[in-house]
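input10.txt (compact mmCIF, C-alpha atoms)
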```
# COMPACT_ATOMS: atom_id res chain seq x y z
CA MET A 1 -83.04 -0.05 -86.78
CA LYS A 2 -86.44 1.21 -87.87
CA LYS A 3 -87.67 0.86 -84.27
CA ILE A 4 -84.76 2.95 -82.99
CA ILE A 5 -85.43 5.68 -85.55
CA LEU A 6 -89.16 5.67 -84.68
CA VAL A 7 -88.40 6.01 -80.95
CA LEU A 8 -86.01 8.89 -81.64
CA LEU A 9 -88.60 10.66 -83.77
CA ILE A 10 -91.27 10.30 -81.06
CA ALA A 11 -88.85 11.64 -78.45
CA LEU A 12 -87.93 14.62 -80.61
CA LEU A 13 -91.58 15.36 -81.29
CA ALA A 14 -92.34 15.23 -77.55
CA ILE A 15 -89.48 17.59 -76.75
CA GLY A 16 -90.56 19.94 -79.51
CA SER A 17 -94.15 19.89 -78.29
CA ALA A 18 -93.09 20.61 -74.70
CA PHE A 19 -90.83 23.44 -75.87
CA SER A 20 -93.63 24.96 -77.95
CA GLN A 21 -96.09 24.69 -75.07
CA GLY A 22 -93.63 26.29 -72.64
CA LYS A 23 -92.97 29.06 -75.13
CA ALA A 24 -96.71 29.63 -75.59
CA GLU A 25 -97.29 29.80 -71.81
CA SER A 26 -94.40 32.26 -71.47
CA SER A 27 -95.82 34.29 -74.33
CA ASN A 28 -99.25 34.40 -72.64
CA VAL A 29 -97.69 35.69 -69.45
CA ASP A 30 -95.71 38.27 -71.39
CA ALA A 31 -98.94 39.40 -73.06
CA TRP A 32 -100.89 39.59 -69.76
CA PRO A 33 -103.45 41.09 -69.46
CA GLN A 34 -105.26 40.08 -72.62
CA ASP A 35 -108.64 41.02 -71.14
CA ALA A 36 -109.99 43.66 -68.78
CA ILE A 37 -108.79 43.32 -65.19
CA THR A 38 -111.34 42.99 -62.40
CA VAL A 39 -110.39 44.12 -58.89
CA VAL A 40 -112.86 42.89 -56.26
CA CYS A 41 -113.41 44.92 -53.10
CA PRO A 42 -114.95 42.58 -50.49
CA TRP A 43 -116.42 45.46 -48.48
CA ALA A 44 -119.23 47.95 -48.86
CA VAL A 45 -119.73 50.44 -51.66
CA GLY A 46 -118.78 53.88 -50.39
CA GLY A 47 -116.16 52.62 -47.94
CA VAL A 48 -112.54 53.75 -48.07
CA ALA A 49 -111.32 50.60 -49.84
CA ASP A 50 -114.13 50.84 -52.40
CA ILE A 51 -113.41 54.51 -53.08
CA VAL A 52 -109.69 53.82 -53.49
CA ASN A 53 -110.46 50.92 -55.83
CA ARG A 54 -112.64 53.07 -58.05
CA LYS A 55 -110.20 55.99 -58.07
CA THR A 56 -107.15 53.91 -58.98
CA SER A 57 -109.05 51.85 -61.56
CA ILE A 58 -109.44 54.81 -63.91
CA PHE A 59 -105.75 54.51 -64.82
CA GLY A 60 -105.99 50.88 -65.97
CA VAL A 61 -105.72 51.45 -69.72
CA GLU A 62 -102.91 53.94 -69.25
CA GLN A 63 -100.81 51.65 -67.08
CA LEU A 64 -101.72 48.13 -68.20
CA GLY A 65 -103.26 48.58 -71.62
CA LYS A 66 -106.61 47.22 -70.46
CA PRO A 67 -109.43 48.64 -68.30
CA ILE A 68 -109.53 47.92 -64.58
CA LEU A 69 -113.07 47.13 -63.46
CA ALA A 70 -113.74 47.95 -59.80
CA THR A 71 -116.39 45.66 -58.29
CA ASN A 72 -117.75 44.70 -54.87
CA GLU A 73 -118.77 41.38 -53.34
CA LEU A 74 -120.09 41.55 -49.79
CA GLY A 75 -120.58 39.09 -46.96
CA ALA A 76 -119.05 38.05 -43.63
CA GLY A 77 -116.71 41.02 -43.44
CA GLY A 78 -115.01 40.10 -46.72
CA ASN A 79 -114.71 36.36 -46.17
CA VAL A 80 -117.37 35.44 -48.74
CA ALA A 81 -115.52 37.20 -51.55
CA LEU A 82 -112.15 35.80 -50.48
CA THR A 83 -113.62 32.29 -50.51
CA ASN A 84 -115.27 32.70 -53.90
CA TYR A 85 -112.05 34.13 -55.31
CA LEU A 86 -110.40 30.72 -54.95
CA LYS A 87 -112.31 29.65 -58.08
CA ASN A 88 -109.75 31.69 -60.03
CA GLY A 89 -106.51 30.12 -61.15
CA PRO A 90 -102.98 31.55 -61.32
CA ASN A 91 -102.47 34.49 -63.70
CA SER A 92 -106.16 35.32 -63.62
CA THR A 93 -107.16 38.83 -64.62
CA THR A 94 -109.33 38.94 -61.51
CA LEU A 95 -107.59 40.30 -58.41
CA ILE A 96 -108.98 40.97 -54.94
CA PHE A 97 -108.42 43.22 -51.94
CA GLY A 98 -107.46 41.73 -48.61
CA ALA A 99 -106.49 42.97 -45.15
CA GLU A 100 -105.26 41.78 -41.78
CA GLY A 101 -108.81 41.06 -40.63
CA ALA A 102 -109.10 37.98 -42.86
CA PHE A 103 -105.61 36.61 -42.32
CA SER A 104 -104.51 37.62 -38.82
CA ILE A 105 -107.77 37.94 -36.91
CA ALA A 106 -110.41 35.62 -38.41
CA PRO A 107 -108.18 32.49 -38.18
CA ASN A 108 -107.54 33.12 -34.47
CA VAL A 109 -110.98 33.88 -33.07
CA ALA A 110 -114.20 31.93 -32.50
CA GLY A 111 -115.67 30.60 -35.74
CA SER A 112 -112.30 30.17 -37.45
CA GLU A 113 -113.19 26.55 -38.32
CA ALA A 114 -115.67 27.89 -40.88
CA LEU A 115 -112.99 29.62 -42.94
CA GLN A 116 -112.40 28.01 -46.32
CA PHE A 117 -109.22 29.89 -47.21
CA THR A 118 -105.81 30.69 -45.76
CA TYR A 119 -103.30 33.45 -46.40
CA ASP A 120 -101.22 30.95 -48.42
CA ASP A 121 -103.98 30.71 -51.04
CA TYR A 122 -103.02 34.18 -52.29
CA VAL A 123 -100.00 36.20 -53.35
CA PRO A 124 -99.86 39.79 -52.02
CA ILE A 125 -98.82 42.23 -54.74
CA ILE A 126 -98.90 45.69 -53.17
CA ASN A 127 -100.44 47.50 -50.24
CA LEU A 128 -102.49 50.52 -51.28
CA TYR A 129 -102.86 52.51 -48.07
CA SER A 130 -102.39 52.78 -44.34
CA SER A 131 -105.23 54.07 -42.16
CA ILE A 132 -105.71 54.73 -38.45
CA PHE A 133 -109.05 53.60 -37.03
CA VAL A 134 -110.94 55.90 -34.68
CA MET A 135 -113.63 55.12 -32.13
CA THR A 136 -116.44 57.66 -31.98
CA ALA A 137 -119.34 58.01 -29.55
CA ASP A 138 -122.76 59.61 -29.57
CA ALA A 139 -121.91 63.23 -28.75
CA LYS A 140 -124.83 63.44 -26.33
CA LEU A 141 -123.02 61.00 -24.01
CA GLY A 142 -120.18 63.45 -23.41
CA ILE A 143 -117.49 60.78 -23.87
CA THR A 144 -114.25 62.24 -25.24
CA ASP A 145 -111.53 59.89 -23.96
CA LEU A 146 -111.01 56.47 -22.39
CA ASP A 147 -111.41 57.76 -18.85
CA SER A 148 -114.89 59.08 -19.54
CA LEU A 149 -115.71 55.92 -21.51
CA LYS A 150 -114.74 53.74 -18.57
CA ALA A 151 -116.78 55.81 -16.15
CA TYR A 152 -119.85 55.80 -18.40
CA GLY A 153 -119.68 52.11 -19.28
CA LYS A 154 -119.36 50.68 -15.79
CA GLY A 155 -122.21 48.22 -15.22
CA LYS A 156 -123.56 48.60 -18.80
CA ARG A 157 -123.37 46.63 -22.04
CA LEU A 158 -122.39 49.07 -24.77
CA LYS A 159 -123.31 48.64 -28.44
CA VAL A 160 -120.37 49.13 -30.80
CA ALA A 161 -120.86 49.13 -34.58
CA VAL A 162 -118.08 47.46 -36.60
CA ASN A 163 -117.27 46.14 -40.05
CA GLY A 164 -117.66 42.37 -39.73
CA ILE A 165 -117.78 40.29 -36.57
CA ALA A 166 -114.24 38.94 -37.07
CA GLY A 167 -112.62 41.95 -38.71
CA SER A 168 -110.02 44.45 -37.56
CA GLU A 169 -112.50 46.84 -35.98
CA ALA A 170 -114.27 44.07 -34.05
CA PHE A 171 -111.01 42.78 -32.60
CA LEU A 172 -109.82 46.26 -31.63
CA ALA A 173 -113.13 46.96 -29.88
CA LYS A 174 -113.10 43.68 -27.95
CA ALA A 175 -109.46 44.05 -26.91
CA LEU A 176 -109.96 47.62 -25.73
CA PHE A 177 -113.13 46.90 -23.77
CA LYS A 178 -111.41 43.92 -22.16
CA GLU A 179 -108.59 46.21 -21.01
CA LEU A 180 -111.15 48.70 -19.66
CA GLY A 181 -113.14 46.00 -17.89
CA LEU A 182 -116.28 46.87 -19.86
CA GLU A 183 -118.85 44.70 -21.61
CA LEU A 184 -119.97 45.25 -25.17
CA ASP A 185 -122.23 43.95 -27.91
CA LEU A 186 -120.74 44.08 -31.38
CA ILE A 187 -123.17 45.13 -34.12
CA SER A 188 -121.77 43.91 -37.43
CA TYR A 189 -122.11 45.63 -40.82
CA ASN A 190 -120.62 44.97 -44.26
CA GLY A 191 -118.47 48.08 -44.17
CA ALA A 192 -116.97 50.57 -41.73
CA ASN A 193 -118.96 53.33 -43.42
CA LEU A 194 -122.22 51.49 -42.69
CA ALA A 195 -121.13 50.94 -39.09
CA LEU A 196 -120.40 54.65 -38.74
CA ASP A 197 -123.79 55.54 -40.20
CA SER A 198 -125.53 53.42 -37.57
CA ALA A 199 -123.87 55.38 -34.78
CA ALA A 200 -124.65 58.68 -36.48
CA LYS A 201 -128.33 57.65 -36.65
CA GLY A 202 -128.35 56.68 -32.98
CA GLU A 203 -128.79 52.94 -33.64
CA THR A 204 -125.61 52.27 -31.64
CA SER A 205 -123.73 54.43 -29.15
CA PHE A 206 -120.27 53.77 -30.57
CA ALA A 207 -118.58 52.94 -33.87
CA ILE A 208 -115.11 52.19 -35.14
CA SER A 209 -114.28 53.51 -38.59
CA HIS A 210 -111.73 55.32 -40.69
CA GLN A 211 -111.24 58.97 -39.80
CA SER A 212 -112.60 60.28 -43.09
CA GLN A 213 -115.83 58.34 -42.61
CA ALA A 214 -116.43 59.95 -39.23
CA LYS A 215 -115.35 63.41 -40.33
CA GLY A 216 -118.78 64.78 -41.28
CA SER A 217 -120.52 63.51 -38.14
CA VAL A 218 -117.75 64.85 -35.90
CA GLU A 219 -117.81 68.25 -37.58
CA ALA A 220 -121.61 68.34 -37.22
CA GLY A 221 -121.38 67.54 -33.52
CA ILE A 222 -123.28 64.28 -33.90
CA LEU A 223 -120.36 62.07 -32.86
CA SER A 224 -117.34 62.72 -30.65
CA PRO A 225 -113.93 61.10 -31.14
CA VAL A 226 -112.89 58.97 -28.18
CA VAL A 227 -109.57 57.35 -29.14
CA VAL A 228 -107.52 56.28 -32.15
CA PHE A 229 -106.01 52.82 -32.49
CA ASP A 230 -102.36 53.74 -32.82
CA LYS A 231 -99.30 54.19 -30.62
CA GLN A 232 -99.64 57.96 -30.68
CA GLY A 233 -102.67 60.20 -31.02
CA VAL A 234 -103.74 62.38 -33.91
CA ASN A 235 -104.16 66.13 -34.09
CA ASN A 236 -105.69 67.57 -37.23
CA GLU A 237 -108.43 69.99 -38.22
CA VAL A 238 -111.18 67.50 -37.33
CA PHE A 239 -109.71 65.13 -34.75
CA LYS A 240 -108.02 67.52 -32.37
CA ASN A 241 -105.66 66.07 -29.77
CA VAL A 242 -107.28 62.64 -29.81
CA LYS A 243 -105.06 60.26 -27.87
CA GLY A 244 -103.91 56.88 -29.14
CA VAL A 245 -104.53 53.67 -27.19
CA GLY A 246 -100.75 53.27 -26.93
CA GLU A 247 -100.58 56.45 -24.87
CA TYR A 248 -102.84 54.79 -22.30
CA GLY A 249 -100.43 51.87 -22.04
CA TYR A 250 -102.50 49.42 -24.11
CA THR A 251 -100.90 47.26 -26.80
CA ALA A 252 -103.85 46.15 -28.96
CA TYR A 253 -103.50 48.51 -31.89
CA PHE A 254 -102.30 48.47 -35.49
CA ARG A 255 -102.84 50.42 -38.67
CA ASN A 256 -105.28 49.09 -41.20
CA ARG A 257 -103.77 48.04 -44.51
CA CYS A 258 -105.45 47.13 -47.78
CA PHE A 259 -103.48 45.06 -50.24
CA ILE A 260 -104.10 43.66 -53.70
CA LEU A 261 -103.95 39.87 -53.93
CA ALA A 262 -103.51 37.44 -56.81
CA ARG A 263 -104.11 33.69 -56.77
CA LYS A 264 -101.29 31.51 -55.47
CA GLY A 265 -99.01 30.37 -58.30
CA THR A 266 -99.34 33.59 -60.30
CA ASP A 267 -96.24 34.23 -62.39
CA GLN A 268 -93.78 36.81 -61.04
CA LYS A 269 -93.99 38.68 -64.35
CA VAL A 270 -97.70 39.25 -63.78
CA ILE A 271 -97.12 40.32 -60.18
CA ASP A 272 -94.42 42.78 -61.27
CA LYS A 273 -96.68 44.24 -63.95
CA VAL A 274 -99.49 44.90 -61.49
CA ARG A 275 -97.19 46.24 -58.80
CA ASN A 276 -95.38 48.60 -61.15
CA ALA A 277 -98.69 49.83 -62.54
CA TYR A 278 -100.05 50.67 -59.10
CA LEU A 279 -96.76 52.24 -58.00
CA ALA A 280 -97.14 54.63 -60.94
CA ILE A 281 -100.79 55.26 -60.11
CA LEU A 282 -100.04 56.06 -56.47
CA GLN A 283 -97.49 58.68 -57.53
CA LYS A 284 -100.00 60.67 -59.58
CA PRO A 285 -100.63 64.12 -58.03
CA GLU A 286 -104.40 63.73 -58.19
CA VAL A 287 -104.18 60.40 -56.34
CA VAL A 288 -101.85 61.90 -53.72
CA ALA A 289 -104.32 64.75 -53.17
CA PHE A 290 -107.21 62.30 -53.11
CA TYR A 291 -105.57 60.27 -50.34
CA LYS A 292 -105.21 63.40 -48.25
CA THR A 293 -108.95 64.04 -48.44
CA LEU A 294 -109.53 60.45 -47.27
CA MET A 295 -107.08 60.97 -44.37
CA ILE A 296 -105.09 57.88 -45.35
CA GLU A 297 -101.43 57.41 -46.26
CA ILE A 298 -99.84 55.97 -49.39
CA ASP A 299 -98.00 52.89 -48.17
CA PRO A 300 -96.92 50.58 -51.05
CA MET A 301 -95.62 47.71 -48.93
CA ASP A 302 -94.06 44.81 -50.79
CA LEU A 303 -94.47 41.07 -50.18
CA GLN A 304 -92.01 40.90 -47.28
CA GLN A 305 -93.49 43.96 -45.57
CA ILE A 306 -97.04 42.67 -45.99
CA ASN A 307 -96.01 39.29 -44.56
CA ALA A 308 -94.42 41.09 -41.60
CA HIS A 309 -97.64 43.06 -41.04
CA ILE A 310 -99.73 39.88 -41.06
CA ASP A 311 -97.33 38.24 -38.59
CA SER A 312 -97.27 41.30 -36.34
CA VAL A 313 -101.05 41.60 -36.15
CA THR A 314 -101.35 37.84 -35.56
CA LYS A 315 -99.08 38.17 -32.51
CA ILE A 316 -101.14 41.11 -31.22
CA VAL A 317 -104.35 39.11 -31.65
CA LYS A 318 -103.01 36.03 -29.88
CA ALA A 319 -101.76 38.18 -27.00
CA ASN A 320 -105.12 39.87 -26.52
CA ILE A 321 -107.78 37.18 -26.96
```
For this file, write the structure as structure tokens.
Amino acid sequence: MKKIILVLLIALLAIGSAFSQGKAESSNVDAWPQDAITVVCPWAVGGVADIVNRKTSIFGVEQLGKPILATNELGAGGNVALTNYLKNGPNSTTLIFGAEGAFSIAPNVAGSEALQFTYDDYVPIINLYSSIFVMTADAKLGITDLDSLKAYGKGKRLKVAVNGIAGSEAFLAKALFKELGLELDLISYNGANLALDSAAKGETSFAISHQSQAKGSVEAGILSPVVVFDKQGVNNEVFKNVKGVGEYGYTAYFRNRCFILARKGTDQKVIDKVRNAYLAILQKPEVVAFYKTLMIEIDPMDLQQINAHIDSVTKIVKANI
């Protein structure tokens, strides 16, 4: 009888302990974040993603009760930071930016065997913006569209500056030059802004970047827009009647997205907190105006939409390599 009572007591204690532990874990998630939040941008300081990270981070205390610390970790077009991020566990207060370059392009091009992460290692929370890449050329070359590019490049190897050798810009450049029957050398930098600077300084003849990054050089007559990587062209105060690659009949194009990622296994309550916070931040008038100056669009895609974007770009990559 005593043995039976002892066994029952042990069982009850075990159940009570498990219940208390589960309640404590739930309470920790409910109290998240208990420390400052760090959001890592894996690309260069001064780039569009970095600027967006720093702008949105100023609303951390207001929206989440704790500061958001915007940081950068460079290397291999973002792959170094994404690899190092795996040291974090679920529900970490460290989050990281990611894009289609790491998850749709890098796994499907040469060197993919070196990757130490997959898309499934992360949980997408929200997409922060949508941006159309533009190719610019040294204005002295007189290249203003794909026809003049094709004529100029025949029999030459053209240097094109890009953000990372296996990133979005690199793939778009290679796919386009393949369609045009031209040869190129990719010159890799740790940010689209740095790639653009190299073209503006004459170190390369071409660069692929965000529109806002090329704005100053285009307005100064240093660089000329050649084409944008979208179905249709753009026509604004800086990039006037610039055709899209889709208008030439080419299919290798997509809009660049930048989404916030958490570690796989992060509780849905944490994901919802972060998503709702950034949804509120993106609706602020000063952020809306800020995006307009950067020539990017607010595009708060959810998990399903981000997954669809990754799948869509993967199909484009596989069809054009």
Practice task
Do a neighbour search on range 254-266 of chain A at 6 Å with all atoms listed in the file, toss out local chain neighbours closer than 6 positions, and write the hits as a VMD selection string.
Solution key: chain A and resid 90 to 91 95 to 99 121 to 132 230
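In this model, the gap between CA of Ile296 in chain A and CA of Ala195 in chain A comes to 18.6 Å.
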Handout entry: Close residues, range 67-77 of chain A itself excluded, 10 Å, only C-alpha atoms, min 6 positions apart in chain, as a PyMOL selection string
Key = chain A and resi 33+35-45+50-61+84+93-97+101-102+106+162-168+188-192
Distance cut-off 12 Å, centre (-102.2, 50.3, -22.9) in file coordinates, counting all atoms listed in the file: which residues qualify? Return them as a PDB file with C-alpha atoms, in the coordinates of the input.
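Writing done, so here's selection25.pdb:
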```
ATOM      1  CA  LEU A 146    -111.010  56.470 -22.390  1.00  0.00           C
ATOM      2  CA  ALA A 175    -109.460  44.050 -26.910  1.00  0.00           C
ATOM      3  CA  LEU A 176    -109.960  47.620 -25.730  1.00  0.00           C
ATOM      4  CA  PHE A 177    -113.130  46.900 -23.770  1.00  0.00           C
ATOM      5  CA  LYS A 178    -111.410  43.920 -22.160  1.00  0.00           C
ATOM      6  CA  GLU A 179    -108.590  46.210 -21.010  1.00  0.00           C
ATOM      7  CA  LEU A 180    -111.150  48.700 -19.660  1.00  0.00           C
ATOM      8  CA  VAL A 227    -109.570  57.350 -29.140  1.00  0.00           C
ATOM      9  CA  PHE A 229    -106.010  52.820 -32.490  1.00  0.00           C
ATOM     10  CA  ASP A 230    -102.360  53.740 -32.820  1.00  0.00           C
ATOM     11  CA  LYS A 231     -99.300  54.190 -30.620  1.00  0.00           C
ATOM     12  CA  GLN A 232     -99.640  57.960 -30.680  1.00  0.00           C
ATOM     13  CA  LYS A 243    -105.060  60.260 -27.870  1.00  0.00           C
ATOM     14  CA  GLY A 244    -103.910  56.880 -29.140  1.00  0.00           C
ATOM     15  CA  VAL A 245    -104.530  53.670 -27.190  1.00  0.00           C
ATOM     16  CA  GLY A 246    -100.750  53.270 -26.930  1.00  0.00           C
ATOM     17  CA  GLU A 247    -100.580  56.450 -24.870  1.00  0.00           C
ATOM     18  CA  TYR A 248    -102.840  54.790 -22.300  1.00  0.00           C
ATOM     19  CA  GLY A 249    -100.430  51.870 -22.040  1.00  0.00           C
ATOM     20  CA  TYR A 250    -102.500  49.420 -24.110  1.00  0.00           C
ATOM     21  CA  THR A 251    -100.900  47.260 -26.800  1.00  0.00           C
ATOM     22  CA  ALA A 252    -103.850  46.150 -28.960  1.00  0.00           C
ATOM     23  CA  TYR A 253    -103.500  48.510 -31.890  1.00  0.00           C
ATOM     24  CA  ASN A 320    -105.120  39.870 -26.520  1.00  0.00           C
TER      25      ASN A 320
END
```
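CA of Gln211 in chain A sits 21.0 Å away from CA of His309 in chain A.
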Handout entry: Test item: residues at most 8 Å from Phe206 in chain A, all atoms listed in the file, excluding those fewer than 2 positions along its chain, as a list in words
Key = Met135, Thr136, Ala137, Asp138, Leu158, Lys159, Val160, Ala161, Ala199, Thr204 and Ile208 of chain A
Practice task
Between A:Lys284, A:Lys318, A:Lys140, A:His210, single out the one closest to Val109 in chain A, counting only C-alpha atoms.
Solution key: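 Closest to Val109 in chain A, using only C-alpha atoms: A:Lys318.
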Practice task
Give me the residues within 7 Å of Ala200 in chain A as a ChimeraX atom specification, counting all atoms listed in the file and dropping any in the same chain fewer than 6 places off.
Solution key: /A:217,222-223
Problem - A:Val287, A:Ile281, A:Leu149, A:Val134 ranked by distance to Leu172 in chain A, top pick (using all atoms listed in the file) - result: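 Of the candidates, the smallest distance to Leu172 in chain A is held by A:Val134.
Of the residues under consideration (A:Phe171, A:Gly142, A:Ala49, A:Leu186), A:Phe171 shows the shortest atom-to-atom contact distance to Ser104 in chain A when counting only C-alpha atoms.
In this model, the gap between CA of Phe103 in chain A and CA of Ala319 in chain A comes to 15.9 Å.
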Restore N, CA, C and O atoms in range 142-163 of chain A and list the result as a short mmCIF file (atom, residue, chain, number, x, y, z; two decimals), in the frame of the given file.
```
data_model
loop_
_atom_site.label_atom_id
_atom_site.label_comp_id
_atom_site.auth_asym_id
_atom_site.auth_seq_id
_atom_site.Cartn_x
_atom_site.Cartn_y
_atom_site.Cartn_z
N GLY A 142 -121.27 62.68 -24.02
CA GLY A 142 -120.18 63.45 -23.41
C GLY A 142 -118.90 62.66 -23.21
O GLY A 142 -118.07 63.00 -22.35
N ILE A 143 -118.69 61.62 -24.00
CA ILE A 143 -117.49 60.78 -23.87
C ILE A 143 -116.44 61.25 -24.88
O ILE A 143 -116.67 61.22 -26.09
N THR A 144 -115.28 61.68 -24.37
CA THR A 144 -114.25 62.24 -25.24
C THR A 144 -112.89 61.58 -25.05
O THR A 144 -111.92 61.97 -25.71
N ASP A 145 -112.79 60.61 -24.16
CA ASP A 145 -111.53 59.89 -23.96
C ASP A 145 -111.82 58.57 -23.25
O ASP A 145 -112.99 58.27 -22.93
N LEU A 146 -110.79 57.78 -23.00
CA LEU A 146 -111.01 56.47 -22.39
C LEU A 146 -111.41 56.56 -20.92
O LEU A 146 -112.12 55.68 -20.41
N ASP A 147 -111.00 57.60 -20.26
CA ASP A 147 -111.41 57.76 -18.85
C ASP A 147 -112.91 57.97 -18.74
O ASP A 147 -113.58 57.34 -17.91
N SER A 148 -113.45 58.84 -19.59
CA SER A 148 -114.89 59.08 -19.54
C SER A 148 -115.67 57.89 -20.08
O SER A 148 -116.79 57.61 -19.64
N LEU A 149 -115.08 57.14 -21.02
CA LEU A 149 -115.71 55.92 -21.51
C LEU A 149 -115.82 54.89 -20.40
O LEU A 149 -116.87 54.26 -20.21
N LYS A 150 -114.75 54.73 -19.65
CA LYS A 150 -114.74 53.74 -18.57
C LYS A 150 -115.75 54.10 -17.49
O LYS A 150 -116.48 53.23 -16.98
N ALA A 151 -115.83 55.37 -17.18
CA ALA A 151 -116.78 55.81 -16.15
C ALA A 151 -118.21 55.61 -16.61
O ALA A 151 -119.08 55.15 -15.85
N TYR A 152 -118.50 55.94 -17.88
CA TYR A 152 -119.85 55.80 -18.40
C TYR A 152 -120.26 54.33 -18.53
O TYR A 152 -121.41 53.96 -18.25
N GLY A 153 -119.33 53.49 -18.95
CA GLY A 153 -119.68 52.11 -19.28
C GLY A 153 -119.76 51.16 -18.12
O GLY A 153 -120.22 50.02 -18.29
N LYS A 154 -119.35 51.57 -16.94
CA LYS A 154 -119.36 50.68 -15.79
C LYS A 154 -120.77 50.16 -15.51
O LYS A 154 -121.70 50.93 -15.33
N GLY A 155 -120.92 48.84 -15.51
CA GLY A 155 -122.21 48.22 -15.22
C GLY A 155 -123.16 48.19 -16.40
O GLY A 155 -124.32 47.77 -16.26
N LYS A 156 -122.71 48.60 -17.60
CA LYS A 156 -123.56 48.60 -18.80
C LYS A 156 -122.99 47.67 -19.86
O LYS A 156 -121.81 47.30 -19.81
N ARG A 157 -123.82 47.30 -20.82
CA ARG A 157 -123.37 46.63 -22.04
C ARG A 157 -123.51 47.64 -23.17
O ARG A 157 -124.63 48.08 -23.48
N LEU A 158 -122.41 48.00 -23.78
CA LEU A 158 -122.39 49.07 -24.77
C LEU A 158 -122.40 48.50 -26.18
O LEU A 158 -121.67 47.55 -26.49
N LYS A 159 -123.21 49.07 -27.05
CA LYS A 159 -123.31 48.64 -28.44
C LYS A 159 -122.26 49.37 -29.28
O LYS A 159 -122.22 50.60 -29.31
N VAL A 160 -121.44 48.57 -29.96
CA VAL A 160 -120.37 49.13 -30.80
C VAL A 160 -120.55 48.61 -32.23
O VAL A 160 -120.57 47.40 -32.46
N ALA A 161 -120.68 49.51 -33.18
CA ALA A 161 -120.86 49.13 -34.58
C ALA A 161 -119.50 48.93 -35.24
O ALA A 161 -118.59 49.76 -35.09
N VAL A 162 -119.35 47.81 -35.97
CA VAL A 162 -118.08 47.46 -36.60
C VAL A 162 -118.31 46.85 -37.98
O VAL A 162 -119.41 46.44 -38.31
N ASN A 163 -117.23 46.78 -38.74
CA ASN A 163 -117.27 46.14 -40.05
C ASN A 163 -116.91 44.67 -39.91
O ASN A 163 -115.74 44.31 -39.83
#
```
